[in-house]
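Raw contents of data.txt, compact mmCIF, C-alpha atoms (C1' of nucleotides):
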```txt
# COMPACT_ATOMS: atom_id res chain seq x y z
CA MET Y 1 0.00 0.00 0.00
CA GLN Y 2 2.94 2.25 0.78
CA ASP Y 3 4.11 1.38 -2.69
CA ILE Y 4 1.33 3.53 -4.13
CA LEU Y 5 2.84 6.48 -2.33
CA PHE Y 6 6.42 5.69 -3.35
CA ASP Y 7 5.42 5.11 -6.95
CA PHE Y 8 3.81 8.50 -6.91
CA ILE Y 9 6.85 10.18 -5.39
CA SER Y 10 9.17 8.43 -7.83
CA LYS Y 11 7.55 10.39 -10.64
CA TYR Y 12 9.19 13.48 -9.20
CA ILE Y 13 12.34 12.44 -7.37
CA SER Y 14 14.16 9.17 -6.72
CA LEU Y 15 14.22 7.93 -3.16
CA THR Y 16 16.95 6.02 -1.37
CA GLU Y 17 16.03 3.34 1.15
CA ASP Y 18 17.03 5.73 3.91
CA GLU Y 19 14.59 8.29 2.66
CA LYS Y 20 11.80 5.76 2.27
CA ASN Y 21 12.36 4.63 5.83
CA ALA Y 22 12.32 8.20 7.06
CA ILE Y 23 8.89 8.58 5.52
CA LEU Y 24 7.60 5.29 6.86
CA SER Y 25 8.80 6.14 10.34
CA LEU Y 26 6.41 9.10 10.34
CA ASP Y 27 3.50 6.66 10.43
CA ILE Y 28 1.22 8.63 8.15
CA PHE Y 29 -1.09 5.97 6.73
CA ARG Y 30 -4.71 6.10 7.79
CA SER Y 31 -7.80 4.12 6.89
CA VAL Y 32 -11.07 6.01 7.29
CA LYS Y 33 -14.72 4.96 7.01
CA LYS Y 34 -17.20 6.46 4.59
CA GLY Y 35 -18.90 9.47 6.12
CA THR Y 36 -16.05 10.32 8.48
CA ILE Y 37 -15.49 14.05 8.77
CA LEU Y 38 -11.77 14.80 8.58
CA LEU Y 39 -12.03 18.55 9.01
CA LYS Y 40 -14.83 20.79 10.25
CA GLU Y 41 -15.56 24.43 9.64
CA GLY Y 42 -13.98 26.57 12.33
CA GLN Y 43 -11.37 23.94 13.16
CA LYS Y 44 -7.68 24.76 13.09
CA SER Y 45 -5.97 21.72 11.67
CA ARG Y 46 -2.44 21.21 10.39
CA ASP Y 47 -3.23 18.02 8.47
CA CYS Y 48 -2.73 17.54 4.75
CA TYR Y 49 -4.14 14.58 2.89
CA PHE Y 50 -3.00 12.41 0.04
CA VAL Y 51 -5.56 9.90 -1.18
CA LEU Y 52 -4.21 6.43 -1.89
CA LYS Y 53 -7.60 4.78 -2.39
CA GLY Y 54 -11.12 6.12 -2.12
CA CYS Y 55 -12.57 9.60 -2.35
CA ILE Y 56 -12.79 12.61 -0.10
CA ARG Y 57 -14.83 15.73 -0.58
CA LYS Y 58 -14.52 19.37 0.33
CA TYR Y 59 -17.68 21.34 1.05
CA TYR Y 60 -18.94 24.55 2.56
CA ILE Y 61 -22.15 25.06 4.47
CA ILE Y 62 -23.66 28.31 3.25
CA ASP Y 63 -27.09 29.33 4.56
CA GLY Y 64 -27.52 25.80 5.87
CA GLU Y 65 -26.83 24.31 2.46
CA GLU Y 66 -23.94 22.05 1.56
CA LYS Y 67 -21.87 23.36 -1.33
CA THR Y 68 -19.42 20.80 -2.61
CA THR Y 69 -16.50 22.39 -4.45
CA ALA Y 70 -14.04 19.55 -4.94
CA PHE Y 71 -13.46 15.82 -4.87
CA PHE Y 72 -10.10 14.17 -4.35
CA THR Y 73 -9.53 10.62 -5.50
CA GLU Y 74 -6.57 8.29 -5.99
CA MET Y 75 -3.23 10.13 -6.33
CA GLU Y 76 -4.70 13.49 -5.45
CA GLU Y 77 -3.44 15.73 -2.72
CA LEU Y 78 -5.33 18.20 -0.57
CA THR Y 79 -3.68 20.88 1.52
CA PRO Y 80 -6.49 22.65 3.34
CA HIS Y 81 -6.44 26.39 3.27
CA CYS Y 82 -6.43 26.58 7.04
CA VAL Y 83 -3.04 24.83 7.06
CA ILE Y 84 -1.57 27.56 4.92
CA ASN Y 85 -2.99 30.61 6.62
CA ASN Y 86 -3.17 28.99 10.06
CA ALA Y 87 -6.74 30.21 10.56
CA PRO Y 88 -9.97 28.34 11.31
CA SER Y 89 -11.18 26.35 8.33
CA GLU Y 90 -13.92 27.81 6.13
CA TYR Y 91 -15.01 24.37 4.99
CA PHE Y 92 -15.52 20.71 5.77
CA ILE Y 93 -13.72 17.64 4.45
CA SER Y 94 -15.40 14.27 4.59
CA CYS Y 95 -15.06 10.78 3.12
CA VAL Y 96 -17.34 9.90 0.24
CA GLU Y 97 -16.16 6.28 0.40
CA ASP Y 98 -14.07 4.14 2.71
CA THR Y 99 -10.70 5.73 2.06
CA ILE Y 100 -7.03 5.06 2.61
CA LEU Y 101 -4.92 8.17 2.80
CA THR Y 102 -1.78 9.63 4.22
CA VAL Y 103 -2.05 12.39 6.78
CA ALA Y 104 0.95 14.63 7.11
CA ASN Y 105 1.52 18.05 8.53
CA PRO Y 106 4.12 20.71 7.80
CA ASP Y 107 5.62 20.30 11.26
CA MET Y 108 6.61 16.78 10.36
CA GLY Y 109 7.74 18.26 7.07
CA VAL Y 110 10.32 20.56 8.58
CA GLU Y 111 12.32 17.52 9.69
CA ILE Y 112 12.10 15.95 6.31
CA PHE Y 113 12.84 19.10 4.38
CA THR Y 114 16.01 19.74 6.33
CA LYS Y 115 17.15 16.13 6.26
CA PHE Y 116 16.30 15.60 2.59
CA PRO Y 117 16.29 18.80 0.54
CA LYS Y 118 15.04 16.77 -2.39
CA PHE Y 119 11.55 17.09 -1.00
CA GLU Y 120 11.72 20.80 -1.51
CA ILE Y 121 12.17 20.11 -5.20
CA MET Y 122 9.29 17.69 -5.33
CA CYS Y 123 7.01 20.13 -3.56
CA ARG Y 124 7.87 22.90 -5.96
CA ILE Y 125 7.18 20.77 -8.99
CA LEU Y 126 4.07 19.27 -7.50
CA SER Y 127 2.46 22.52 -6.42
CA GLY Y 128 3.42 24.04 -9.75
CA GLU Y 129 1.63 21.22 -11.53
CA LEU Y 130 -1.38 21.39 -9.27
CA LEU Y 131 -1.59 25.12 -9.81
CA ALA Y 132 -1.53 24.67 -13.57
CA LYS Y 133 -4.17 21.95 -13.49
CA GLN Y 134 -6.33 23.99 -11.19
CA GLN Y 135 -6.10 26.99 -13.51
CA ILE Y 136 -7.17 24.95 -16.50
CA ASP Y 137 -10.09 23.51 -14.53
CA PHE Y 138 -11.14 26.97 -13.43
CA ASP Y 139 -10.94 28.30 -16.98
CA GLU Y 140 -12.98 25.40 -18.24
CA PHE Y 141 -15.59 26.01 -15.58
CA LYS Y 142 -15.83 29.70 -16.38
CA THR Y 143 -16.09 29.24 -20.10
CA SER Y 144 -18.78 26.58 -20.11
CA SER Y 145 -22.44 26.15 -19.28
CA PRO Y 146 -23.64 23.66 -16.66
CA GLU Y 147 -24.58 21.26 -19.44
CA GLN Y 148 -21.13 21.48 -21.04
CA ARG Y 149 -19.56 21.04 -17.62
CA TYR Y 150 -21.51 17.86 -17.09
CA LEU Y 151 -20.53 16.55 -20.50
CA ASN Y 152 -16.90 17.41 -19.79
CA LEU Y 153 -17.05 15.55 -16.51
CA LEU Y 154 -18.53 12.57 -18.33
CA GLN Y 155 -15.48 12.67 -20.60
CA ASN Y 156 -12.76 13.44 -18.11
CA ARG Y 157 -13.84 11.87 -14.81
CA PRO Y 158 -16.61 9.39 -15.63
CA ASP Y 159 -15.81 7.54 -12.40
CA LEU Y 160 -16.94 10.53 -10.31
CA ILE Y 161 -20.44 10.40 -11.74
CA GLN Y 162 -20.68 6.80 -10.59
CA ARG Y 163 -19.14 7.03 -7.18
CA VAL Y 164 -20.52 10.33 -5.93
CA PRO Y 165 -24.13 11.19 -4.91
CA GLN Y 166 -25.96 13.32 -7.44
CA HIS Y 167 -26.70 16.23 -5.13
CA GLN Y 168 -23.00 16.55 -4.36
CA LEU Y 169 -22.18 16.39 -8.04
CA ALA Y 170 -24.75 19.10 -8.72
CA SER Y 171 -23.20 21.66 -6.45
CA PHE Y 172 -19.78 20.65 -7.77
CA LEU Y 173 -21.14 21.68 -11.19
CA GLY Y 174 -22.49 24.91 -9.72
CA ILE Y 175 -26.20 24.02 -9.93
CA LYS Y 176 -29.05 22.53 -7.87
CA PRO Y 177 -29.79 18.78 -7.80
CA GLN Y 178 -33.11 19.34 -9.60
CA SER Y 179 -31.32 21.15 -12.40
CA LEU Y 180 -28.86 18.29 -12.77
CA SER Y 181 -31.70 15.79 -13.07
CA ARG Y 182 -33.41 17.95 -15.67
CA LEU Y 183 -30.19 18.55 -17.56
CA ARG Y 184 -29.51 14.82 -17.76
CA ALA Y 185 -33.03 14.17 -19.00
CA ARG Y 186 -32.50 16.89 -21.62
CA ILE Y 187 -29.27 15.28 -22.82
CA LEU Y 188 -30.96 11.87 -23.05
CA GLU Y 189 -33.81 13.46 -25.01
CA LYS Y 190 -31.36 15.01 -27.46
CA SER Y 191 -29.44 11.77 -27.99
CA LYS Y 192 -32.67 9.97 -28.91
CA GLU Y 193 -33.40 12.28 -31.83
CA MET Z 1 11.35 50.03 -10.51
CA GLN Z 2 13.41 46.96 -9.80
CA ASP Z 3 12.77 47.73 -6.18
CA ILE Z 4 9.16 46.65 -6.64
CA LEU Z 5 10.43 43.23 -7.63
CA PHE Z 6 12.97 43.01 -4.81
CA ASP Z 7 10.44 44.18 -2.24
CA PHE Z 8 8.17 41.42 -3.45
CA ILE Z 9 10.89 38.78 -3.27
CA SER Z 10 11.95 39.96 0.17
CA LYS Z 11 8.60 38.82 1.50
CA TYR Z 12 9.74 35.26 0.88
CA ILE Z 13 13.53 35.16 1.10
CA SER Z 14 16.27 37.67 1.82
CA LEU Z 15 18.59 38.50 -1.03
CA THR Z 16 22.28 39.37 -0.91
CA GLU Z 17 23.70 42.01 -3.27
CA ASP Z 18 25.23 39.18 -5.29
CA GLU Z 19 21.88 37.56 -5.77
CA LYS Z 20 20.22 40.82 -6.70
CA ASN Z 21 22.88 41.44 -9.29
CA ALA Z 22 22.45 37.95 -10.69
CA ILE Z 23 18.78 38.74 -11.23
CA LEU Z 24 19.45 42.13 -12.75
CA SER Z 25 22.01 40.66 -15.11
CA LEU Z 26 19.25 38.58 -16.65
CA ASP Z 27 17.72 41.77 -18.06
CA ILE Z 28 14.13 40.78 -17.52
CA PHE Z 29 12.32 44.11 -17.32
CA ARG Z 30 9.97 44.98 -20.16
CA SER Z 31 7.62 47.84 -20.86
CA VAL Z 32 4.69 46.97 -23.11
CA LYS Z 33 1.97 49.07 -24.71
CA LYS Z 34 -1.74 48.59 -24.13
CA GLY Z 35 -3.15 46.09 -26.58
CA THR Z 36 0.12 44.23 -27.12
CA ILE Z 37 -0.38 40.51 -27.38
CA LEU Z 38 2.23 38.70 -25.30
CA LEU Z 39 1.15 35.17 -26.15
CA LYS Z 40 -1.05 33.76 -28.88
CA GLU Z 41 -3.05 30.56 -29.05
CA GLY Z 42 -0.99 27.82 -30.67
CA GLN Z 43 2.29 29.47 -29.76
CA LYS Z 44 4.96 27.62 -27.80
CA SER Z 45 6.43 30.14 -25.45
CA ARG Z 46 8.70 29.70 -22.43
CA ASP Z 47 7.99 33.13 -20.96
CA CYS Z 48 6.53 33.77 -17.52
CA TYR Z 49 5.30 37.16 -16.44
CA PHE Z 50 5.32 39.14 -13.26
CA VAL Z 51 3.38 42.40 -13.37
CA LEU Z 52 5.09 45.38 -11.74
CA LYS Z 53 2.64 48.00 -12.98
CA GLY Z 54 -0.41 47.73 -15.22
CA CYS Z 55 -2.72 44.87 -16.10
CA ILE Z 56 -2.58 41.85 -18.37
CA ARG Z 57 -5.38 39.55 -19.34
CA LYS Z 58 -5.70 35.90 -20.24
CA TYR Z 59 -8.41 34.89 -22.72
CA TYR Z 60 -9.53 32.06 -24.93
CA ILE Z 61 -11.19 32.36 -28.31
CA ILE Z 62 -14.01 29.82 -28.38
CA ASP Z 63 -16.33 29.75 -31.39
CA GLY Z 64 -14.94 33.09 -32.45
CA GLU Z 65 -15.76 34.61 -29.08
CA GLU Z 66 -13.29 35.99 -26.56
CA LYS Z 67 -13.60 34.40 -23.12
CA THR Z 68 -11.58 36.25 -20.51
CA THR Z 69 -10.71 34.04 -17.55
CA ALA Z 70 -8.19 36.06 -15.58
CA PHE Z 71 -6.60 39.44 -15.00
CA PHE Z 72 -3.17 39.96 -13.50
CA THR Z 73 -2.29 43.28 -11.91
CA GLU Z 74 0.48 44.67 -9.70
CA MET Z 75 2.41 41.94 -7.80
CA GLU Z 76 0.72 39.09 -9.64
CA GLU Z 77 2.52 36.35 -11.45
CA LEU Z 78 1.44 34.39 -14.50
CA THR Z 79 3.09 31.17 -15.59
CA PRO Z 80 1.32 30.15 -18.80
CA HIS Z 81 0.21 26.56 -19.01
CA CYS Z 82 2.20 26.05 -22.22
CA VAL Z 83 5.40 26.71 -20.26
CA ILE Z 84 4.62 23.87 -17.91
CA ASN Z 85 3.50 21.23 -20.37
CA ASN Z 86 5.66 22.52 -23.22
CA ALA Z 87 2.73 22.37 -25.64
CA PRO Z 88 1.13 25.03 -27.85
CA SER Z 89 -0.86 27.55 -25.81
CA GLU Z 90 -4.63 27.17 -25.55
CA TYR Z 91 -5.07 30.85 -24.85
CA PHE Z 92 -3.97 34.43 -25.47
CA ILE Z 93 -2.36 36.93 -23.13
CA SER Z 94 -2.62 40.62 -23.86
CA CYS Z 95 -2.12 43.96 -22.13
CA VAL Z 96 -5.20 45.75 -20.86
CA GLU Z 97 -3.11 48.82 -20.07
CA ASP Z 98 0.42 50.04 -20.70
CA THR Z 99 2.27 47.60 -18.48
CA ILE Z 100 5.68 47.12 -16.91
CA LEU Z 101 6.54 43.51 -16.24
CA THR Z 102 9.34 41.05 -15.88
CA VAL Z 103 9.69 38.30 -18.43
CA ALA Z 104 11.58 35.24 -17.28
CA ASN Z 105 11.77 31.67 -18.47
CA PRO Z 106 12.68 28.44 -16.71
CA ASP Z 107 15.81 28.06 -18.83
CA MET Z 108 17.17 31.20 -17.23
CA GLY Z 109 15.87 29.76 -13.99
CA VAL Z 110 18.03 26.65 -14.10
CA GLU Z 111 21.11 28.82 -13.71
CA ILE Z 112 19.61 30.69 -10.83
CA PHE Z 113 18.22 27.64 -9.11
CA THR Z 114 21.58 25.89 -9.12
CA LYS Z 115 23.52 28.98 -8.14
CA PHE Z 116 21.05 30.07 -5.45
CA PRO Z 117 18.99 27.24 -3.98
CA LYS Z 118 17.04 29.82 -2.03
CA PHE Z 119 14.92 30.40 -5.08
CA GLU Z 120 13.70 26.86 -4.87
CA ILE Z 121 12.30 27.71 -1.47
CA MET Z 122 10.66 30.88 -2.68
CA CYS Z 123 9.06 29.09 -5.60
CA ARG Z 124 7.63 26.40 -3.37
CA ILE Z 125 6.13 28.92 -0.98
CA LEU Z 126 4.89 31.15 -3.78
CA SER Z 127 3.21 28.44 -5.80
CA GLY Z 128 1.76 27.00 -2.64
CA GLU Z 129 0.24 30.39 -1.83
CA LEU Z 130 -1.01 30.91 -5.36
CA LEU Z 131 -2.57 27.48 -5.34
CA ALA Z 132 -4.38 28.22 -2.09
CA LYS Z 133 -5.62 31.59 -3.32
CA GLN Z 134 -6.72 30.08 -6.60
CA GLN Z 135 -8.65 27.37 -4.78
CA ILE Z 136 -10.49 29.90 -2.67
CA ASP Z 137 -11.33 31.95 -5.74
CA PHE Z 138 -12.59 28.87 -7.53
CA ASP Z 139 -14.73 27.86 -4.57
CA GLU Z 140 -16.16 31.33 -4.34
CA PHE Z 141 -16.99 31.30 -8.02
CA LYS Z 142 -18.69 27.92 -7.80
CA THR Z 143 -20.75 28.77 -4.77
CA SER Z 144 -22.09 32.11 -5.98
CA SER Z 145 -24.44 33.50 -8.59
CA PRO Z 146 -23.28 35.99 -11.23
CA GLU Z 147 -24.81 38.80 -9.20
CA GLN Z 148 -22.97 37.73 -6.03
CA ARG Z 149 -19.78 37.39 -8.03
CA TYR Z 150 -20.13 40.95 -9.25
CA LEU Z 151 -20.79 42.21 -5.73
CA ASN Z 152 -17.77 40.27 -4.46
CA LEU Z 153 -15.61 41.79 -7.15
CA LEU Z 154 -16.87 45.23 -6.17
CA GLN Z 155 -15.72 44.44 -2.62
CA ASN Z 156 -12.44 42.68 -3.31
CA ARG Z 157 -11.07 44.20 -6.50
CA PRO Z 158 -12.97 47.44 -7.11
CA ASP Z 159 -10.08 48.67 -9.24
CA LEU Z 160 -10.72 45.98 -11.84
CA ILE Z 161 -14.22 47.26 -12.52
CA GLN Z 162 -12.74 50.65 -13.31
CA ARG Z 163 -9.75 49.68 -15.37
CA VAL Z 164 -11.14 46.84 -17.45
CA PRO Z 165 -13.72 47.02 -20.32
CA GLN Z 166 -17.16 45.75 -19.36
CA HIS Z 167 -17.36 42.97 -21.93
CA GLN Z 168 -14.10 41.51 -20.62
CA LEU Z 169 -15.39 41.75 -17.07
CA ALA Z 170 -18.58 40.01 -18.11
CA SER Z 171 -16.88 36.90 -19.41
CA PHE Z 172 -14.59 36.99 -16.37
CA LEU Z 173 -17.80 36.71 -14.32
CA GLY Z 174 -19.02 33.90 -16.57
CA ILE Z 175 -21.81 35.85 -18.29
CA LYS Z 176 -22.53 37.94 -21.43
CA PRO Z 177 -22.00 41.72 -21.56
CA GLN Z 178 -25.75 42.30 -21.87
CA SER Z 179 -26.35 40.29 -18.71
CA LEU Z 180 -23.77 42.34 -16.85
CA SER Z 181 -25.47 45.56 -17.90
CA ARG Z 182 -28.84 44.22 -16.81
CA LEU Z 183 -27.45 42.88 -13.54
CA ARG Z 184 -25.94 46.26 -12.70
CA ALA Z 185 -29.20 47.99 -13.49
CA ARG Z 186 -30.98 45.48 -11.24
CA ILE Z 187 -28.60 46.18 -8.35
CA LEU Z 188 -29.09 49.94 -8.78
CA GLU Z 189 -32.86 49.44 -8.79
CA LYS Z 190 -32.67 47.46 -5.55
CA SER Z 191 -30.50 50.04 -3.80
CA LYS Z 192 -33.03 52.76 -4.59
CA GLU Z 193 -35.85 51.05 -2.73
C1' DA P 1 -37.98 -6.97 8.07
C1' DT P 2 -39.81 -2.66 8.99
C1' DC P 3 -39.53 2.03 9.59
C1' DA P 4 -37.32 6.37 8.97
C1' DT P 5 -34.43 9.14 6.48
C1' DT P 6 -32.11 10.59 2.68
C1' DT P 7 -31.76 10.83 -2.21
C1' DC P 8 -33.39 11.30 -6.87
C1' DT P 9 -36.71 12.58 -10.15
C1' DT P 10 -40.66 15.03 -12.07
C1' DA P 11 -43.69 18.93 -12.52
C1' DA P 12 -45.46 23.75 -12.44
C1' DC P 13 -44.10 28.20 -11.74
C1' DT P 14 -40.63 32.12 -11.10
C1' DT P 15 -36.45 34.37 -11.98
C1' DA P 16 -32.39 35.29 -14.38
C1' DA P 17 -29.25 34.54 -18.17
C1' DG P 18 -28.74 33.89 -23.44
C1' DT P 19 -29.87 35.86 -28.03
C1' DG P 20 -30.60 39.12 -31.66
C1' DA P 21 -31.30 43.67 -32.78
C1' DA P 22 -31.09 48.62 -32.33
C1' DC P 23 -29.03 52.90 -30.93
C1' DG P 24 -26.06 56.36 -28.91
C1' DA P 25 -21.41 57.07 -26.97
C1' DA P 26 -16.69 56.47 -27.05
C1' DT P 27 -12.56 55.25 -29.34
C1' DT P 28 -9.66 54.40 -33.25
C1' DT P 29 -8.45 54.87 -38.01
C1' DT P 30 -7.87 57.35 -42.03
C1' DA B 1 -12.34 66.36 -38.79
C1' DA B 2 -14.90 62.71 -40.59
C1' DA B 3 -15.74 57.98 -41.01
C1' DA B 4 -15.52 53.51 -39.14
C1' DT B 5 -15.31 50.50 -35.62
C1' DT B 6 -15.90 49.08 -31.03
C1' DC B 7 -18.38 49.44 -26.74
C1' DG B 8 -22.13 49.78 -23.46
C1' DT B 9 -26.93 49.82 -22.70
C1' DT B 10 -31.74 48.76 -23.50
C1' DC B 11 -35.52 45.95 -25.29
C1' DA B 12 -38.31 41.91 -26.57
C1' DC B 13 -38.09 37.19 -26.78
C1' DT B 14 -36.16 32.45 -25.76
C1' DT B 15 -33.97 29.19 -22.93
C1' DA B 16 -32.33 27.34 -18.81
C1' DA B 17 -31.68 27.47 -13.91
C1' DG B 18 -33.91 28.39 -9.12
C1' DT B 19 -37.85 27.26 -6.15
C1' DT B 20 -41.47 24.77 -4.04
C1' DA B 21 -43.75 20.69 -3.64
C1' DA B 22 -44.75 15.84 -4.19
C1' DG B 23 -43.84 11.14 -4.74
C1' DA B 24 -40.86 7.08 -5.80
C1' DA B 25 -36.49 4.77 -4.91
C1' DA B 26 -32.64 3.74 -2.28
C1' DT B 27 -30.23 3.64 1.97
C1' DG B 28 -29.52 3.26 6.80
C1' DA B 29 -31.15 2.28 11.50
C1' DT B 30 -33.77 -0.33 14.84
```

Give the structure from the file, written as structure tokens.
Amino acid sequence: MQDILFDFISKYISLTEDEKNAILSLDIFRSVKKGTILLKEGQKSRDCYFVLKGCIRKYYIIDGEEKTTAFFTEMEELTPHCVINNAPSEYFISCVEDTILTVANPDMGVEIFTKFPKFEIMCRILSGELLAKQQIDFDEFKTSSPEQRYLNLLQNRPDLIQRVPQHQLASFLGIKPQSLSRLRARILEKSKE
Amino acid sequence: MQDILFDFISKYISLTEDEKNAILSLDIFRSVKKGTILLKEGQKSRDCYFVLKGCIRKYYIIDGEEKTTAFFTEMEELTPHCVINNAPSEYFISCVEDTILTVANPDMGVEIFTKFPKFEIMCRILSGELLAKQQIDFDEFKTSSPEQRYLNLLQNRPDLIQRVPQHQLASFLGIKPQSLSRLRARILEKSKE
DNA sequence: ATCATTTCTTAACTTAAGTGAACGAATTTT
DNA sequence: AAAATTCGTTCACTTAAGTTAAGAAATGAT
């Protein structure tokens, strides 16, 4: 299971056995049940997540309504905003499925960064890549209609549509669950013609 | 003028005179006229921009229509996607105003990174921060209506509304220029009551 | 297995954004 | 300075999303 993590890391830097052991000694692997809330609004956490298997979800509660803004599945990393600005979290993080993930915090990182400067390099590359991906996603969202967004999702992350409840998907697409139902019916209608 | 850049950098790392000179020797300062196109769709550029004064804009042309997805003003940095994936650009970058910026590319960076590892640290922090900011912006966009987005913009970046043409603002907000006009009229109407 | 709750869909109605066109104002070109 | 283009607003009309409500289906709890 740790191999998933090391395979991932090896895409960016090569690790010696020493370095691998240093990581393992941190004891960062966690297995969490579906529905578990990893982070609550208002909470000050230092934990960052990397999903090895499963799916976690980030959502706000605005006027009593859940607004899901992101899903993180295999090989995806989530550094909550509250970790960066060291303020209470504006949102929740919970498990959509039974999930295996690593939990690490920057305080553990300091050790690692000083012992193995390589990690600095990986972090730069990784957050650069994430930033780029995020920008493209944002652009795509801005330049398309809800229907196009749904069709894009169908193309690019068909798994999400299967594994995630519709009402969470809807707010992820920026619409209400009823609108998603309607929109899907509309698409089906069109494809019949 | 270079001081603006050094002041910015000093928020992340402290620079020696040597390091400052190394940067200056790269000759990265450029002054560009309003309307200049810095990057075109299909082009393979290696240039990254940091705005010292003025405003640049990123936009797609989709079905013959301009779709503006971002503005970059003083102290903001833009690393085009094509620089990261080394593929032809999907979008354009042009100057909204007469602008002073730095133009740097990763090839120049390699020198600097090896000579001064500090920059590695700055880049990690900076792209981490950008990523966090970008995520918050994206969340805010997803969870709000066009009208709320406009009101948020009025709060958070009132300057943009002044310095940028309305039709560019509209697509930045994810709507058509006519809808922006209407929406503003609606808000005015409400405030009268 | 039954009951309760949550989730998904459908429908009717309301509200807001998209579309196409027109017009004056501002800006750019010649 | 005049002509041409671009820009911003308004209008009437169309389309799609929000809202409220209801019922069926699926899920979870006892």

Inset, instruction - Kindly determine which residues of chain Y lie within 10 Å of chain P, considering all atoms listed in the file, and give the answer as a list in words. - result: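 Here is what falls inside 10 Å: Pro165, Gln166, His167, Pro177, Gln178, Ser181, Arg182 and Ala185 of chain Y.
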
Inset, instruction - One decimal, Å: what's the distance from atom CA of Leu160 of chain Y over to atom CA of Gln135 of chain Y, could you say? - result: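 Spanning atom CA of Leu160 of chain Y to atom CA of Gln135 of chain Y is a straight-line distance of 20.0 Å.
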
Compile the contact shell of Leu130 of chain Y as a PDB file with C-alpha atoms, in the frame of the given file: residues with an atom at most 10 Å away, counting all atoms listed in the file, same-chain residues fewer than 2 positions apart removed.
```pdb
ATOM      1  CA  GLU Y  76      -4.700  13.490  -5.450  1.00  0.00           C
ATOM      2  CA  GLU Y  77      -3.440  15.730  -2.720  1.00  0.00           C
ATOM      3  CA  ARG Y 124       7.870  22.900  -5.960  1.00  0.00           C
ATOM      4  CA  ILE Y 125       7.180  20.770  -8.990  1.00  0.00           C
ATOM      5  CA  LEU Y 126       4.070  19.270  -7.500  1.00  0.00           C
ATOM      6  CA  SER Y 127       2.460  22.520  -6.420  1.00  0.00           C
ATOM      7  CA  GLY Y 128       3.420  24.040  -9.750  1.00  0.00           C
ATOM      8  CA  ALA Y 132      -1.530  24.670 -13.570  1.00  0.00           C
ATOM      9  CA  LYS Y 133      -4.170  21.950 -13.490  1.00  0.00           C
ATOM     10  CA  GLN Y 134      -6.330  23.990 -11.190  1.00  0.00           C
ATOM     11  CA  GLN Y 135      -6.100  26.990 -13.510  1.00  0.00           C
ATOM     12  CA  ILE Y 136      -7.170  24.950 -16.500  1.00  0.00           C
TER      13      ILE Y 136
ATOM     14  CA  SER Z 127       3.210  28.440  -5.800  1.00  0.00           C
ATOM     15  CA  GLY Z 128       1.760  27.000  -2.640  1.00  0.00           C
ATOM     16  CA  LEU Z 131      -2.570  27.480  -5.340  1.00  0.00           C
TER      17      LEU Z 131
END
```

Inset, instruction - Find, counting all atoms listed in the file, the residue in Y:Met75, Y:Ala104, Y:Cys82, Y:Thr69 that gets nearest to chain Z. - result: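 Under the stated criterion, the closest residue is Y:Thr69.
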
Legend entry - Within 9 Å of Ile4 of chain Z using only C-alpha atoms (C1' of nucleotides), minus same-chain residues under 3 positions, as a list of chain:residue names: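 Skipping anything fewer than 3 positions along the chain leaves Z:Met1, Z:Asp7, Z:Phe8, Z:Ile9, Z:Leu52, Z:Met75.
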
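Straight-line separation from atom CA of Lys40 of chain Y to atom CA of Phe92 of chain Y: 4.5 Å.
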
Within 8 Å of Glu97 of chain Y using all atoms listed in the file, minus same-chain residues under 3 positions, as an mmCIF file with C-alpha atoms, in the frame of the given file:
```
data_model
loop_
_atom_site.group_PDB
_atom_site.id
_atom_site.type_symbol
_atom_site.label_atom_id
_atom_site.label_comp_id
_atom_site.auth_asym_id
_atom_site.auth_seq_id
_atom_site.Cartn_x
_atom_site.Cartn_y
_atom_site.Cartn_z
ATOM 1 C CA LYS Y 33 -14.720 4.960 7.010
ATOM 2 C CA LYS Y 34 -17.200 6.460 4.590
ATOM 3 C CA GLY Y 35 -18.900 9.470 6.120
ATOM 4 C CA GLY Y 54 -11.120 6.120 -2.120
ATOM 5 C CA CYS Y 55 -12.570 9.600 -2.350
ATOM 6 C CA ILE Y 56 -12.790 12.610 -0.100
#
```

Legend entry - Atom-to-atom span, atom CA of Leu153 of chain Z and atom CA of Leu169 of chain Z, Å: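 Computing it gives 9.9 Å between the two atoms.
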
Could I get the residues of chain B with an atom no further than 10 Å from an atom of chain Z, each paired with its nearest atom pair and that distance in Å to one decimal, using only C-alpha atoms (C1' of nucleotides), sorted by chain and residue number, as a tab-separated table?
```
residue	atom	partner	partner_atom	distance
B:DC7	C1'	Z:His167	CA	8.1
B:DG8	C1'	Z:Gln166	CA	7.6
B:DT9	C1'	Z:Ser181	CA	6.6
B:DT10	C1'	Z:Arg182	CA	8.6
```

Box along x, y and z, 3 Å on every side, all listed atoms of segment 19-28 of chain P inside: centre and edge lengths in Å to one decimal, as JSON.
```
{"center_x": -20.5, "center_y": 46.5, "center_z": -30.1, "size_x": 27.6, "size_y": 27.2, "size_z": 12.3}
```

Legend entry - Nearest-residue call for Gln148 of chain Z, choices Z:Lys115, Z:Lys176, Z:Arg184, Z:Lys20, using all atoms listed in the file: Z:Arg184
